[in-house]
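Colleague: entry_33.cif is reproduced below (mmCIF, C-alpha atoms).
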```cif
data_query
loop_
_atom_site.group_PDB
_atom_site.id
_atom_site.type_symbol
_atom_site.label_atom_id
_atom_site.label_comp_id
_atom_site.auth_asym_id
_atom_site.auth_seq_id
_atom_site.Cartn_x
_atom_site.Cartn_y
_atom_site.Cartn_z
ATOM 1 C CA MET A 1 -49.620 -59.242 -192.367
ATOM 2 C CA GLY A 2 -48.494 -58.751 -188.754
ATOM 3 C CA LEU A 3 -45.254 -59.917 -187.209
ATOM 4 C CA LEU A 4 -46.934 -62.852 -185.492
ATOM 5 C CA ARG A 5 -47.959 -64.346 -188.816
ATOM 6 C CA LYS A 6 -44.677 -63.455 -190.543
ATOM 7 C CA LEU A 7 -42.515 -65.031 -187.856
ATOM 8 C CA LYS A 8 -40.921 -68.218 -189.139
ATOM 9 C CA ILE A 9 -38.372 -70.046 -187.080
ATOM 10 C CA GLY A 10 -36.038 -72.142 -189.188
ATOM 11 C CA PRO A 11 -34.263 -75.309 -188.201
ATOM 12 C CA TYR A 12 -31.786 -74.602 -185.452
ATOM 13 C CA LYS A 13 -29.374 -76.241 -183.091
ATOM 14 C CA ASN A 14 -29.982 -75.939 -179.372
ATOM 15 C CA LEU A 15 -27.357 -73.345 -178.489
ATOM 16 C CA ALA A 16 -27.891 -73.396 -174.734
ATOM 17 C CA SER A 17 -24.928 -74.083 -172.535
ATOM 18 C CA LYS A 18 -25.371 -77.020 -170.172
ATOM 19 C CA ALA A 19 -24.052 -75.031 -167.200
ATOM 20 C CA ASN A 20 -25.997 -72.316 -165.387
ATOM 21 C CA ARG A 21 -28.823 -72.097 -167.861
ATOM 22 C CA CYS A 22 -32.249 -70.748 -166.998
ATOM 23 C CA HIS A 23 -33.990 -72.009 -170.123
ATOM 24 C CA PRO A 24 -32.933 -74.879 -172.400
ATOM 25 C CA ASN A 25 -33.055 -72.657 -175.527
ATOM 26 C CA GLU A 26 -31.232 -69.603 -174.212
ATOM 27 C CA ILE A 27 -28.137 -68.319 -175.986
ATOM 28 C CA PRO A 28 -24.995 -69.254 -174.032
ATOM 29 C CA LEU A 29 -22.869 -66.345 -172.917
ATOM 30 C CA ASP A 30 -19.768 -68.338 -172.037
ATOM 31 C CA LYS A 31 -17.945 -67.518 -175.309
ATOM 32 C CA GLY A 32 -18.757 -63.811 -175.423
ATOM 33 C CA ASP A 33 -17.565 -60.693 -173.710
ATOM 34 C CA VAL A 34 -16.779 -60.826 -170.017
ATOM 35 C CA LEU A 35 -19.692 -59.135 -168.278
ATOM 36 C CA THR A 36 -18.601 -57.139 -165.248
ATOM 37 C CA ASN A 37 -20.765 -55.635 -162.509
ATOM 38 C CA GLU A 38 -20.926 -52.521 -164.688
ATOM 39 C CA ALA A 39 -22.780 -54.405 -167.472
ATOM 40 C CA HIS A 40 -26.569 -54.056 -167.719
ATOM 41 C CA GLU A 41 -29.038 -56.065 -169.770
ATOM 42 C CA VAL A 42 -31.142 -53.627 -171.802
ATOM 43 C CA MET A 43 -33.344 -55.984 -173.793
ATOM 44 C CA ARG A 44 -34.353 -59.640 -173.902
ATOM 45 C CA VAL A 45 -36.208 -61.117 -176.883
ATOM 46 C CA TRP A 46 -37.746 -64.581 -177.212
ATOM 47 C CA VAL A 47 -39.703 -66.039 -180.121
ATOM 48 C CA THR A 48 -42.092 -68.973 -180.028
ATOM 49 C CA ASN A 49 -42.749 -70.804 -183.269
ATOM 50 C CA GLY A 50 -46.259 -69.876 -184.401
ATOM 51 C CA ASP A 51 -46.912 -67.737 -181.336
ATOM 52 C CA GLY A 52 -44.938 -64.510 -181.827
ATOM 53 C CA SER A 53 -42.433 -62.827 -179.594
ATOM 54 C CA SER A 54 -41.898 -61.832 -175.976
ATOM 55 C CA ILE A 55 -39.801 -58.701 -175.450
ATOM 56 C CA TRP A 56 -38.594 -57.068 -172.255
ATOM 57 C CA ILE A 57 -36.912 -53.650 -172.304
ATOM 58 C CA ALA A 58 -35.284 -52.025 -169.267
ATOM 59 C CA ALA A 59 -35.751 -48.436 -170.462
ATOM 60 C CA GLN A 60 -34.282 -46.975 -167.269
ATOM 61 C CA ILE A 61 -30.821 -48.209 -168.306
ATOM 62 C CA LEU A 62 -30.535 -45.766 -171.245
ATOM 63 C CA ASP A 63 -31.904 -42.344 -170.402
ATOM 64 C CA ASP A 64 -32.358 -41.228 -174.020
ATOM 65 C CA PRO A 65 -34.464 -43.131 -176.569
ATOM 66 C CA THR A 66 -32.043 -41.971 -179.283
ATOM 67 C CA THR A 67 -29.312 -43.976 -177.554
ATOM 68 C CA PHE A 68 -31.605 -47.005 -177.721
ATOM 69 C CA GLY A 69 -31.837 -46.361 -181.471
ATOM 70 C CA TYR A 70 -28.034 -46.400 -181.728
ATOM 71 C CA LEU A 71 -28.016 -49.704 -179.835
ATOM 72 C CA MET A 72 -30.607 -51.136 -182.236
ATOM 73 C CA SER A 73 -28.458 -50.063 -185.194
ATOM 74 C CA ASP A 74 -25.477 -51.933 -183.713
ATOM 75 C CA THR A 75 -27.752 -54.903 -183.012
ATOM 76 C CA LEU A 76 -28.926 -55.046 -186.632
ATOM 77 C CA ARG A 77 -25.351 -55.021 -187.885
ATOM 78 C CA HIS A 78 -24.424 -57.859 -185.519
ATOM 79 C CA ALA A 79 -27.545 -59.735 -186.658
ATOM 80 C CA ALA A 80 -26.509 -59.367 -190.300
ATOM 81 C CA ARG A 81 -23.095 -60.790 -189.506
ATOM 82 C CA ALA A 82 -24.672 -63.688 -187.576
ATOM 83 C CA TYR A 83 -27.105 -64.470 -190.429
ATOM 84 C CA ALA A 84 -24.268 -64.328 -192.958
ATOM 85 C CA ALA A 85 -22.181 -66.796 -190.971
ATOM 86 C CA THR A 86 -25.099 -69.095 -190.096
ATOM 87 C CA TRP A 87 -26.896 -69.247 -193.452
ATOM 88 C CA ASP A 88 -23.950 -68.702 -195.839
ATOM 89 C CA ILE A 89 -25.246 -65.465 -197.348
ATOM 90 C CA GLU A 90 -23.503 -62.149 -197.898
ATOM 91 C CA GLU A 91 -23.526 -59.871 -194.857
ATOM 92 C CA SER A 92 -24.764 -56.956 -196.981
ATOM 93 C CA ALA A 93 -27.682 -59.061 -198.293
ATOM 94 C CA ALA A 94 -28.572 -60.096 -194.756
ATOM 95 C CA LEU A 95 -28.508 -56.469 -193.588
ATOM 96 C CA GLU A 96 -30.683 -55.379 -196.521
ATOM 97 C CA ALA A 97 -33.227 -58.100 -195.698
ATOM 98 C CA ILE A 98 -33.253 -57.165 -192.009
ATOM 99 C CA VAL A 99 -33.736 -53.464 -192.793
ATOM 100 C CA ALA A 100 -36.470 -54.310 -195.317
ATOM 101 C CA GLY A 101 -38.358 -56.335 -192.698
ATOM 102 C CA LEU A 102 -37.906 -53.607 -190.102
ATOM 103 C CA SER A 103 -39.070 -50.904 -192.505
ATOM 104 C CA GLU A 104 -42.111 -52.908 -193.572
ATOM 105 C CA GLU A 105 -43.199 -53.612 -190.011
ATOM 106 C CA LEU A 106 -42.675 -49.983 -188.888
ATOM 107 C CA ARG A 107 -44.458 -48.644 -191.971
ATOM 108 C CA ASN A 108 -47.489 -50.918 -191.747
ATOM 109 C CA GLN A 109 -47.858 -51.247 -187.970
ATOM 110 C CA THR A 110 -50.153 -54.217 -188.527
ATOM 111 C CA GLY A 111 -49.098 -56.380 -185.615
ATOM 112 C CA GLU A 112 -50.683 -55.982 -182.214
ATOM 113 C CA ILE A 113 -48.433 -55.456 -179.220
ATOM 114 C CA THR A 114 -49.570 -56.000 -175.678
ATOM 115 C CA THR A 115 -47.845 -54.388 -172.720
ATOM 116 C CA ILE A 116 -47.746 -56.907 -169.918
ATOM 117 C CA GLN A 117 -45.502 -55.058 -167.479
ATOM 118 C CA LYS A 118 -45.590 -51.253 -167.581
ATOM 119 C CA GLY A 119 -42.736 -49.054 -166.462
ATOM 120 C CA SER A 120 -39.494 -50.148 -164.906
ATOM 121 C CA LEU A 121 -38.561 -53.803 -164.868
ATOM 122 C CA ILE A 122 -36.079 -53.320 -162.063
#
```
Take the structure from the file and write it as structure tokens.
Modeller:
Amino acid sequence: MGLLRKLKIGPYKNLASKANRCHPNEIPLDKGDVLTNEAHEVMRVWVTNGDGSSIWIAAQILDDPTTFGYLMSDTLRHAARAYAATWDIEESAALEAIVAGLSEELRNQTGEITTIQKGSLI
């Protein structure tokens, strides 16, 4: 079963900040790190209930794909912490579930991906 069919979006609160938002369902950045002019967005991911995901990657920001892998590892650990806090589960259980889903999808490669914009985004 591909990612598009596996994707289930649970009940959620609209997390978007009222100020300076581009989309009503975007994650607000007002309570996070201070982003300076030296900060660069590397990836943006959106999901649509029943319609899969939209992913943009600015590969020119990190010159080595291995570094992108390190970033993904950090991202998965942050995701596990977020799932643990949001859904009242153990962080280790959340990480195991995330890694299991990642492993399954990489192993089976059943979902189709379509490249809409090739090359640099910037």
Colleague: Find the distance between atom CA of Leu29 of chain A and atom CA of Thr86 of chain A and write it in Å to one decimal.
Modeller: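 Interatomic distance here is 17.5 Å.
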Colleague: Taking the file as I've supplied it (selection: the PyMOL selection byres ((chain A and resi 31-47) around 9)), which residues are included? Please answer as a VMD selection string.
Modeller: chain A and resid 7 9 26 28 to 30 48 to 62 68
Colleague: Just give me the gap between atom CA of Leu102 of chain A and atom CA of Tyr83 of chain A in Å, one decimal is fine.
Modeller: 15.3 Å
Colleague: Specify as a list in words each residue included when the PyMOL selection byres ((chain A and resi 91) around 10) is applied to this file.
Modeller: Arg77, His78, Ala79, Ala80, Arg81, Ala82, Tyr83, Ala84, Ala85, Asp88, Ile89, Glu90, Ser92, Ala93, Ala94, Leu95, Glu96 and Ala97 of chain A
Colleague: As lines of an AutoDock Vina configuration file, what would the box around segment 72-86 of chain A look like: edges along x, y and z, 5 Å added on every side, centre and edge lengths in Å to one decimal?
Modeller:
```
center_x = -26.4
center_y = -59.6
center_z = -187.6
size_x = 18.4
size_y = 29.0
size_z = 20.7
```
